[in-house]
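A.B. asks: This is the structure, below, for whatever I ask next.
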Amino acid sequence: MVRFGLTLVRHGETRYNKDKILQGQGVDEPLSATGFRQADAAGLFLSNVKFTHVFSSDLLRAKQTAATILGKNKFCKDLEIKYDARLRERKYGVAEGRPLTDLKAMAKTAGEQCPSFTPSGGETLDEVRERARDFFEFLCRLAVELEQKEQDVHGAASRSSGTAEEQLVFPWTNHCSEAELSSGSGGTSEILDANILVVSHGAYMRNWIGYFVSDLNCTLPTNLTKSQLSSVSPNTGVSHFIIKLENGNLLKPEITCVCLNQDSHLVDVGAECVAPKVF
């Protein structure tokens, strides 16, 4: 059994977020002062988590968020952040750098609705989902390889001996009432083979989570509403998943959503943190 944690965090606010202007991939804005405060708050929220890997979109707003989060961490400040273009925001083509209202107008003219509408030069939702699927399968292969190396070096005995690996278990029970961290483990926490942090973007993450739910039958918290599932994460919203691969089977991952778009760390930031529902 391969088991790993996956934490998804949306980047902090930029001035374009605040003004409801589409950034996509072509507008590479830095975080605003509010965005850095949000990233600081997310870093404090995650400061006791021992991540084994950190991946980020290679766009500036995500890179700055990932670096700020790691800077607050007690265990892995020196962990290398790996940047990956597969984690970039959806490409909006001619609509990038323009107000969200312009995109809605384009969609209306085309007789379509957002977010399924694809502006000229933009990515379709299927193309975004394919990027997310490809990156997730990469993470699954990574976790399987780590588990195999552990078995080769230490053997099965080390997996049940406790020690430092237990620090990889994610402490969500203090923040999420419906956390199912002990599902299938007889009520006790299991050791993770990896604990991965990914910093990305709102529309991209919504498509990734949609892939989890529609294609991979992800188990959701019982108190999650349909509108929450379809909404874009607030800036620095945190989602956490546990992925199990029985016998290292990459084709049938068992995914449990522990928490979706968690934003309790933003209470004292004092900004408009909730993103527009469409994007």
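The chains in the structure tokens are called A, B, ... from first to last as shown; in each chain the residues are counted from 1, and the ligands are counted from 1 in the order shown.
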Could you name the residues that touch region 139-148 of chain A at 7 Å or less, counting only C-alpha atoms, but leaving out those on the same chain fewer than 5 positions away, as an NGL selection string?

C.D. replies: :A and (2 or 4 or 193-194 or 248 or 250)

A.B. asks: From the DSSP assignment of the backbone, select every residue of region 34-82 of chain A that is strand (DSSP E or B), and format the answer as a VMD selection string.

C.D. replies: chain A and resid 53 to 56 81 to 82

A.B. asks: Counting only C-alpha atoms, which residues of region 28-63 of chain A fall within 9 Å of region 233-236 of chain A, and what is the closest atom pair for each with its distance in Å at one decimal, ordered by chain and rising number, as a tab-separated table?

C.D. replies:
residue	atom	partner	partner_atom	distance
A:Gly35	CA	A:Asn235	CA	7.6
A:Gln38	CA	A:Thr236	CA	6.3
A:Ala39	CA	A:Thr236	CA	6.3
A:Ala41	CA	A:Thr236	CA	8.5
A:Ala42	CA	A:Thr236	CA	6.4

A.B. asks: May I have the selected residues written with C-alpha atoms, as a tab-separated table (two decimals), in the first residue's frame?

C.D. replies:
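Heads up, here's the output in result16.tsv:
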chain	number	residue	atom	x	y	z
A	35	GLY	CA	-1.22	38.63	-1.02
A	38	GLN	CA	-2.25	35.84	3.04
A	39	ALA	CA	0.81	33.75	2.18
A	41	ALA	CA	-1.01	33.34	7.22
A	42	ALA	CA	-1.06	30.15	5.15

A.B. asks: In terms of the shortest atom-to-atom distance over only C-alpha atoms, which of A:Val238, A:Ser57, A:Ala85, A:Val49 is closest to Lys72 (chain A)?

C.D. replies: A:Val49

A.B. asks: Could you check which of A:Val27, A:Val54, A:Ala66, A:Glu112 is closest to Lys91 (chain A), using only C-alpha atoms?

C.D. replies: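 Going through A:Val27, A:Val54, A:Ala66, A:Glu112 one by one, the smallest distance to Lys91 (chain A) is for A:Val27.
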
A.B. asks: List every residue of region 199-270 of chain A that DSSP, applied to the backbone of this structure, places in alpha helix (DSSP H), and write the result as an mmCIF file with all heavy atoms, in the first residue's frame.

C.D. replies:
data_model
loop_
_atom_site.group_PDB
_atom_site.id
_atom_site.type_symbol
_atom_site.label_atom_id
_atom_site.label_comp_id
_atom_site.auth_asym_id
_atom_site.auth_seq_id
_atom_site.Cartn_x
_atom_site.Cartn_y
_atom_site.Cartn_z
ATOM 1 N N GLY A 202 -6.378 29.271 -9.209
ATOM 2 C CA GLY A 202 -7.778 29.007 -8.940
ATOM 3 C C GLY A 202 -8.502 28.158 -9.963
ATOM 4 O O GLY A 202 -9.078 27.107 -9.634
ATOM 5 N N ALA A 203 -8.528 28.578 -11.228
ATOM 6 C CA ALA A 203 -9.251 27.830 -12.255
ATOM 7 C C ALA A 203 -8.603 26.468 -12.493
ATOM 8 O O ALA A 203 -9.299 25.465 -12.689
ATOM 9 C CB ALA A 203 -9.313 28.629 -13.555
ATOM 10 N N TYR A 204 -7.283 26.430 -12.468
ATOM 11 C CA TYR A 204 -6.576 25.165 -12.641
ATOM 12 C C TYR A 204 -6.937 24.190 -11.527
ATOM 13 O O TYR A 204 -7.246 23.017 -11.772
ATOM 14 C CB TYR A 204 -5.069 25.403 -12.657
ATOM 15 C CG TYR A 204 -4.242 24.140 -12.752
ATOM 16 C CD1 TYR A 204 -3.934 23.585 -13.982
ATOM 17 C CD2 TYR A 204 -3.777 23.503 -11.603
ATOM 18 C CE1 TYR A 204 -3.177 22.420 -14.073
ATOM 19 C CE2 TYR A 204 -3.023 22.347 -11.684
ATOM 20 C CZ TYR A 204 -2.726 21.805 -12.919
ATOM 21 O OH TYR A 204 -1.984 20.650 -12.997
ATOM 22 N N MET A 205 -6.897 24.663 -10.276
ATOM 23 C CA MET A 205 -7.192 23.787 -9.141
ATOM 24 C C MET A 205 -8.634 23.296 -9.175
ATOM 25 O O MET A 205 -8.912 22.147 -8.827
ATOM 26 C CB MET A 205 -6.898 24.519 -7.831
ATOM 27 C CG MET A 205 -5.408 24.678 -7.554
ATOM 28 S SD MET A 205 -5.046 25.833 -6.201
ATOM 29 C CE MET A 205 -6.080 25.189 -4.898
ATOM 30 N N ARG A 206 -9.555 24.145 -9.593
ATOM 31 C CA ARG A 206 -10.949 23.701 -9.669
ATOM 32 C C ARG A 206 -11.090 22.575 -10.696
ATOM 33 O O ARG A 206 -11.825 21.603 -10.470
ATOM 34 C CB ARG A 206 -11.871 24.861 -10.033
ATOM 35 C CG ARG A 206 -13.339 24.438 -10.063
ATOM 36 C CD ARG A 206 -14.280 25.595 -10.268
ATOM 37 N NE ARG A 206 -14.049 26.261 -11.545
ATOM 38 C CZ ARG A 206 -14.771 27.281 -11.978
ATOM 39 N NH1 ARG A 206 -15.749 27.767 -11.235
ATOM 40 N NH2 ARG A 206 -14.513 27.832 -13.142
ATOM 41 N N ASN A 207 -10.387 22.678 -11.817
ATOM 42 C CA ASN A 207 -10.422 21.615 -12.809
ATOM 43 C C ASN A 207 -9.775 20.336 -12.286
ATOM 44 O O ASN A 207 -10.253 19.230 -12.553
ATOM 45 C CB ASN A 207 -9.716 22.081 -14.085
ATOM 46 C CG ASN A 207 -10.624 22.871 -14.988
ATOM 47 O OD1 ASN A 207 -11.290 22.326 -15.853
ATOM 48 N ND2 ASN A 207 -10.680 24.178 -14.789
ATOM 49 N N TRP A 208 -8.683 20.472 -11.541
ATOM 50 C CA TRP A 208 -8.002 19.313 -10.962
ATOM 51 C C TRP A 208 -8.940 18.600 -9.984
ATOM 52 O O TRP A 208 -9.087 17.374 -10.038
ATOM 53 C CB TRP A 208 -6.733 19.776 -10.261
ATOM 54 C CG TRP A 208 -5.815 18.681 -9.780
ATOM 55 C CD1 TRP A 208 -6.088 17.345 -9.731
ATOM 56 C CD2 TRP A 208 -4.479 18.829 -9.289
ATOM 57 N NE1 TRP A 208 -5.005 16.650 -9.236
ATOM 58 C CE2 TRP A 208 -4.017 17.537 -8.959
ATOM 59 C CE3 TRP A 208 -3.657 19.927 -9.085
ATOM 60 C CZ2 TRP A 208 -2.738 17.321 -8.435
ATOM 61 C CZ3 TRP A 208 -2.383 19.698 -8.567
ATOM 62 C CH2 TRP A 208 -1.925 18.419 -8.249
ATOM 63 N N ILE A 209 -9.570 19.354 -9.115
ATOM 64 C CA ILE A 209 -10.487 18.749 -8.148
ATOM 65 C C ILE A 209 -11.690 18.131 -8.867
ATOM 66 O O ILE A 209 -12.189 17.066 -8.484
ATOM 67 C CB ILE A 209 -10.918 19.793 -7.107
ATOM 68 C CG1 ILE A 209 -9.706 20.182 -6.241
ATOM 69 C CG2 ILE A 209 -12.053 19.263 -6.223
ATOM 70 C CD1 ILE A 209 -9.893 21.416 -5.407
ATOM 71 N N GLY A 210 -12.148 18.781 -9.945
ATOM 72 C CA GLY A 210 -13.214 18.198 -10.749
ATOM 73 C C GLY A 210 -12.813 16.856 -11.340
ATOM 74 O O GLY A 210 -13.619 15.919 -11.405
ATOM 75 N N TYR A 211 -11.571 16.739 -11.750
ATOM 76 C CA TYR A 211 -11.036 15.468 -12.252
ATOM 77 C C TYR A 211 -11.037 14.411 -11.145
ATOM 78 O O TYR A 211 -11.435 13.256 -11.365
ATOM 79 C CB TYR A 211 -9.620 15.694 -12.789
ATOM 80 C CG TYR A 211 -8.760 14.472 -12.929
ATOM 81 C CD1 TYR A 211 -9.074 13.462 -13.835
ATOM 82 C CD2 TYR A 211 -7.619 14.323 -12.143
ATOM 83 C CE1 TYR A 211 -8.271 12.335 -13.960
ATOM 84 C CE2 TYR A 211 -6.806 13.217 -12.264
ATOM 85 C CZ TYR A 211 -7.131 12.223 -13.178
ATOM 86 O OH TYR A 211 -6.338 11.111 -13.292
ATOM 87 N N PHE A 212 -10.620 14.802 -9.945
ATOM 88 C CA PHE A 212 -10.662 13.882 -8.809
ATOM 89 C C PHE A 212 -12.070 13.338 -8.580
ATOM 90 O O PHE A 212 -12.261 12.144 -8.359
ATOM 91 C CB PHE A 212 -10.201 14.601 -7.536
ATOM 92 C CG PHE A 212 -8.709 14.653 -7.340
ATOM 93 C CD1 PHE A 212 -8.173 15.289 -6.225
ATOM 94 C CD2 PHE A 212 -7.836 14.071 -8.243
ATOM 95 C CE1 PHE A 212 -6.801 15.339 -6.011
ATOM 96 C CE2 PHE A 212 -6.463 14.122 -8.051
ATOM 97 C CZ PHE A 212 -5.949 14.764 -6.937
ATOM 98 N N VAL A 213 -13.053 14.233 -8.622
ATOM 99 C CA VAL A 213 -14.424 13.858 -8.271
ATOM 100 C C VAL A 213 -15.097 13.067 -9.388
ATOM 101 O O VAL A 213 -15.677 12.004 -9.160
ATOM 102 C CB VAL A 213 -15.256 15.113 -7.925
ATOM 103 C CG1 VAL A 213 -16.727 14.749 -7.704
ATOM 104 C CG2 VAL A 213 -14.696 15.788 -6.681
ATOM 105 N N SER A 214 -15.024 13.578 -10.619
ATOM 106 C CA SER A 214 -15.772 12.970 -11.718
ATOM 107 C C SER A 214 -15.090 11.742 -12.313
ATOM 108 O O SER A 214 -15.754 10.778 -12.708
ATOM 109 C CB SER A 214 -16.030 14.000 -12.828
ATOM 110 O OG SER A 214 -14.808 14.458 -13.380
ATOM 111 N N ASP A 215 -13.769 11.754 -12.363
ATOM 112 C CA ASP A 215 -13.048 10.654 -13.003
ATOM 113 C C ASP A 215 -12.519 9.617 -12.019
ATOM 114 O O ASP A 215 -12.422 8.434 -12.355
ATOM 115 C CB ASP A 215 -11.868 11.195 -13.815
ATOM 116 C CG ASP A 215 -12.296 11.987 -15.032
ATOM 117 O OD1 ASP A 215 -13.415 12.544 -15.009
ATOM 118 O OD2 ASP A 215 -11.515 12.069 -16.002
ATOM 119 N N LEU A 216 -12.158 10.056 -10.814
ATOM 120 C CA LEU A 216 -11.506 9.149 -9.857
ATOM 121 C C LEU A 216 -12.350 8.883 -8.617
ATOM 122 O O LEU A 216 -11.890 8.240 -7.682
ATOM 123 C CB LEU A 216 -10.141 9.727 -9.452
ATOM 124 C CG LEU A 216 -9.137 9.930 -10.601
ATOM 125 C CD1 LEU A 216 -7.834 10.508 -10.074
ATOM 126 C CD2 LEU A 216 -8.884 8.632 -11.345
ATOM 127 N N LYS A 226 -22.679 21.490 -2.924
ATOM 128 C CA LYS A 226 -22.379 21.496 -4.352
ATOM 129 C C LYS A 226 -21.749 22.823 -4.776
ATOM 130 O O LYS A 226 -20.831 22.853 -5.595
ATOM 131 C CB LYS A 226 -23.661 21.242 -5.153
ATOM 132 C CG LYS A 226 -23.429 21.033 -6.640
ATOM 133 C CD LYS A 226 -24.718 20.656 -7.346
ATOM 134 C CE LYS A 226 -24.465 20.426 -8.842
ATOM 135 N NZ LYS A 226 -25.721 20.056 -9.551
ATOM 136 N N SER A 227 -22.231 23.926 -4.199
ATOM 137 C CA SER A 227 -21.676 25.234 -4.557
ATOM 138 C C SER A 227 -20.231 25.372 -4.083
ATOM 139 O O SER A 227 -19.400 25.984 -4.762
ATOM 140 C CB SER A 227 -22.530 26.361 -3.963
ATOM 141 O OG SER A 227 -22.517 26.316 -2.550
ATOM 142 N N GLN A 228 -19.921 24.797 -2.922
ATOM 143 C CA GLN A 228 -18.539 24.832 -2.436
ATOM 144 C C GLN A 228 -17.622 24.044 -3.367
ATOM 145 O O GLN A 228 -16.484 24.442 -3.624
ATOM 146 C CB GLN A 228 -18.461 24.252 -1.021
ATOM 147 C CG GLN A 228 -19.041 25.156 0.064
ATOM 148 C CD GLN A 228 -19.066 24.479 1.420
ATOM 149 O OE1 GLN A 228 -19.470 23.314 1.537
ATOM 150 N NE2 GLN A 228 -18.625 25.181 2.443
ATOM 151 N N LEU A 229 -18.131 22.939 -3.867
ATOM 152 C CA LEU A 229 -17.327 22.095 -4.744
ATOM 153 C C LEU A 229 -17.025 22.790 -6.069
ATOM 154 O O LEU A 229 -15.949 22.622 -6.630
ATOM 155 C CB LEU A 229 -18.057 20.771 -5.000
ATOM 156 C CG LEU A 229 -17.328 19.734 -5.854
ATOM 157 C CD1 LEU A 229 -16.020 19.328 -5.192
ATOM 158 C CD2 LEU A 229 -18.215 18.512 -6.074
ATOM 159 N N SER A 230 -17.960 23.586 -6.565
ATOM 160 C CA SER A 230 -17.783 24.234 -7.865
ATOM 161 C C SER A 230 -17.133 25.609 -7.767
ATOM 162 O O SER A 230 -16.804 26.215 -8.781
ATOM 163 C CB SER A 230 -19.140 24.374 -8.576
ATOM 164 O OG SER A 230 -20.024 25.178 -7.817
#

A.B. asks: Taking 4 positions as the minimum chain separation for residues in the same chain, which residues sit within 7 Å of Thr65 (chain A) when counting only C-alpha atoms? Answer as a PyMOL selection string.

C.D. replies: chain A and resi 11-12+39+61+69

A.B. asks: Write out as a PDB file with all heavy atoms, in the first residue's frame which residues come within 7 Å of Val9 (chain A) when counting only C-alpha atoms, dropping same-chain ones fewer than 3 positions away.

C.D. replies:
ATOM      1  N   VAL A 198       1.577  21.529  -3.084  1.00  0.00           N
ATOM      2  CA  VAL A 198       1.503  22.068  -4.440  1.00  0.00           C
ATOM      3  C   VAL A 198       0.858  23.452  -4.385  1.00  0.00           C
ATOM      4  O   VAL A 198      -0.225  23.617  -3.809  1.00  0.00           O
ATOM      5  CB  VAL A 198       0.682  21.151  -5.371  1.00  0.00           C
ATOM      6  CG1 VAL A 198       0.446  21.830  -6.718  1.00  0.00           C
ATOM      7  CG2 VAL A 198       1.389  19.813  -5.570  1.00  0.00           C
ATOM      8  N   VAL A 199       1.513  24.452  -4.960  1.00  0.00           N
ATOM      9  CA  VAL A 199       0.970  25.807  -5.029  1.00  0.00           C
ATOM     10  C   VAL A 199       0.617  26.113  -6.482  1.00  0.00           C
ATOM     11  O   VAL A 199       1.480  26.024  -7.365  1.00  0.00           O
ATOM     12  CB  VAL A 199       1.968  26.848  -4.484  1.00  0.00           C
ATOM     13  CG1 VAL A 199       1.372  28.255  -4.586  1.00  0.00           C
ATOM     14  CG2 VAL A 199       2.325  26.527  -3.040  1.00  0.00           C
ATOM     15  N   SER A 200      -0.645  26.457  -6.713  1.00  0.00           N
ATOM     16  CA  SER A 200      -1.093  26.652  -8.085  1.00  0.00           C
ATOM     17  C   SER A 200      -2.119  27.784  -8.157  1.00  0.00           C
ATOM     18  O   SER A 200      -2.020  28.759  -7.415  1.00  0.00           O
ATOM     19  CB  SER A 200      -1.634  25.335  -8.643  1.00  0.00           C
ATOM     20  OG  SER A 200      -1.932  25.431 -10.021  1.00  0.00           O
ATOM     21  N   THR A 236      -4.918  31.746  -1.318  1.00  0.00           N
ATOM     22  CA  THR A 236      -4.257  30.916  -0.289  1.00  0.00           C
ATOM     23  C   THR A 236      -5.211  29.967   0.412  1.00  0.00           C
ATOM     24  O   THR A 236      -4.914  29.477   1.501  1.00  0.00           O
ATOM     25  CB  THR A 236      -3.444  31.724   0.756  1.00  0.00           C
ATOM     26  OG1 THR A 236      -4.324  32.475   1.604  1.00  0.00           O
ATOM     27  CG2 THR A 236      -2.433  32.635   0.086  1.00  0.00           C
ATOM     28  N   GLY A 237      -6.353  29.665  -0.207  1.00  0.00           N
ATOM     29  CA  GLY A 237      -7.198  28.590   0.313  1.00  0.00           C
ATOM     30  C   GLY A 237      -6.436  27.277   0.263  1.00  0.00           C
ATOM     31  O   GLY A 237      -5.640  27.029  -0.656  1.00  0.00           O
ATOM     32  N   VAL A 238      -6.652  26.424   1.264  1.00  0.00           N
ATOM     33  CA  VAL A 238      -5.897  25.181   1.408  1.00  0.00           C
ATOM     34  C   VAL A 238      -6.836  23.977   1.295  1.00  0.00           C
ATOM     35  O   VAL A 238      -7.859  23.920   1.976  1.00  0.00           O
ATOM     36  CB  VAL A 238      -5.175  25.122   2.773  1.00  0.00           C
ATOM     37  CG1 VAL A 238      -4.375  23.837   2.914  1.00  0.00           C
ATOM     38  CG2 VAL A 238      -4.274  26.341   2.958  1.00  0.00           C
ATOM     39  N   SER A 239      -6.481  23.041   0.438  1.00  0.00           N
ATOM     40  CA  SER A 239      -7.219  21.781   0.325  1.00  0.00           C
ATOM     41  C   SER A 239      -6.254  20.635   0.598  1.00  0.00           C
ATOM     42  O   SER A 239      -5.069  20.716   0.252  1.00  0.00           O
ATOM     43  CB  SER A 239      -7.827  21.626  -1.076  1.00  0.00           C
ATOM     44  OG  SER A 239      -8.753  22.659  -1.352  1.00  0.00           O
TER      45      SER A 239
END

A.B. asks: Can you tell me which residues surround Glu96 (chain A) at a distance of at most 7 Å, considering only C-alpha atoms, apart from same-chain residues fewer than 5 positions away, and format the answer as a list in words?

C.D. replies: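 Here the answer would be Leu22, Gln23, Gly24, Gly26 and Val27 of chain A.
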
A.B. asks: For the residues in the current selection, export N, CA, C and O atoms as an mmCIF file, in the first residue's frame.

C.D. replies:
data_model
loop_
_atom_site.group_PDB
_atom_site.id
_atom_site.type_symbol
_atom_site.label_atom_id
_atom_site.label_comp_id
_atom_site.auth_asym_id
_atom_site.auth_seq_id
_atom_site.Cartn_x
_atom_site.Cartn_y
_atom_site.Cartn_z
ATOM 1 N N LEU A 22 -8.372 39.186 -15.566
ATOM 2 C CA LEU A 22 -7.831 37.858 -15.841
ATOM 3 C C LEU A 22 -6.322 37.911 -16.061
ATOM 4 O O LEU A 22 -5.823 38.747 -16.822
ATOM 5 N N GLN A 23 -5.609 37.004 -15.406
ATOM 6 C CA GLN A 23 -4.163 36.919 -15.567
ATOM 7 C C GLN A 23 -3.770 35.761 -16.469
ATOM 8 O O GLN A 23 -2.921 35.910 -17.342
ATOM 9 N N GLY A 24 -4.374 34.597 -16.220
ATOM 10 C CA GLY A 24 -4.019 33.436 -17.021
ATOM 11 C C GLY A 24 -2.538 33.143 -16.940
ATOM 12 O O GLY A 24 -1.933 33.170 -15.874
ATOM 13 N N GLY A 26 -0.355 34.732 -19.382
ATOM 14 C CA GLY A 26 0.364 35.816 -20.043
ATOM 15 C C GLY A 26 0.630 37.025 -19.172
ATOM 16 O O GLY A 26 1.464 37.862 -19.518
ATOM 17 N N VAL A 27 -0.072 37.147 -18.053
ATOM 18 C CA VAL A 27 0.138 38.268 -17.133
ATOM 19 C C VAL A 27 0.796 37.713 -15.871
ATOM 20 O O VAL A 27 0.189 36.943 -15.138
#

A.B. asks: Interatomic distance between CA of Gly97 (chain A) and CA of Ile21 (chain A)?

C.D. replies: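 CA of Ile21 (chain A) lies at a distance of 6.0 Å from CA of Gly97 (chain A).
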
A.B. asks: I need the residue nearest Leu70 (chain A) from this list: A:Phe241, A:Tyr16, A:Phe45, A:Tyr92. Use only C-alpha atoms for the distance.

C.D. replies: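 Smallest separation from Leu70 (chain A) among the options: A:Phe45.
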
A.B. asks: I want to know what sits within 8 Å of Pro253 (chain A), based on only C-alpha atoms, with residues of the same chain fewer than 6 positions away left out; could you give that as a CSV table (one decimal) with all heavy atoms, in the first residue's frame?

C.D. replies:
chain,number,residue,atom,x,y,z
A,216,LEU,N,-12.2,10.1,-10.8
A,216,LEU,CA,-11.5,9.1,-9.9
A,216,LEU,C,-12.4,8.9,-8.6
A,216,LEU,O,-11.9,8.2,-7.7
A,216,LEU,CB,-10.1,9.7,-9.5
A,216,LEU,CG,-9.1,9.9,-10.6
A,216,LEU,CD1,-7.8,10.5,-10.1
A,216,LEU,CD2,-8.9,8.6,-11.3
A,243,ILE,N,-4.2,10.1,-0.6
A,243,ILE,CA,-4.2,9.2,-1.8
A,243,ILE,C,-3.6,7.9,-1.4
A,243,ILE,O,-2.5,7.8,-0.9
A,243,ILE,CB,-3.5,9.8,-3.0
A,243,ILE,CG1,-4.2,11.1,-3.5
A,243,ILE,CG2,-3.4,8.8,-4.1
A,243,ILE,CD1,-3.7,12.4,-2.9
A,244,LYS,N,-4.4,6.8,-1.7
A,244,LYS,CA,-3.9,5.5,-1.5
A,244,LYS,C,-3.8,4.7,-2.8
A,244,LYS,O,-4.7,4.8,-3.6
A,244,LYS,CB,-4.8,4.7,-0.5
A,244,LYS,CG,-5.0,5.3,0.8
A,244,LYS,CD,-5.9,4.5,1.7
A,244,LYS,CE,-6.1,5.1,3.1
A,244,LYS,NZ,-7.1,4.3,3.9
A,245,LEU,N,-2.7,4.0,-3.0
A,245,LEU,CA,-2.5,3.2,-4.2
A,245,LEU,C,-2.3,1.8,-3.8
A,245,LEU,O,-1.2,1.4,-3.3
A,245,LEU,CB,-1.3,3.7,-5.0
A,245,LEU,CG,-1.3,5.2,-5.4
A,245,LEU,CD1,0.0,5.7,-5.9
A,245,LEU,CD2,-2.4,5.4,-6.5
A,246,GLU,N,-3.3,1.0,-3.9
A,246,GLU,CA,-3.2,-0.4,-3.5
A,246,GLU,C,-2.2,-1.2,-4.4
A,246,GLU,O,-2.4,-1.2,-5.6
A,246,GLU,CB,-4.6,-1.1,-3.6
A,246,GLU,CG,-4.7,-2.4,-2.9
A,246,GLU,CD,-4.7,-2.3,-1.4
A,246,GLU,OE1,-5.4,-1.4,-0.9
A,246,GLU,OE2,-4.0,-3.1,-0.7
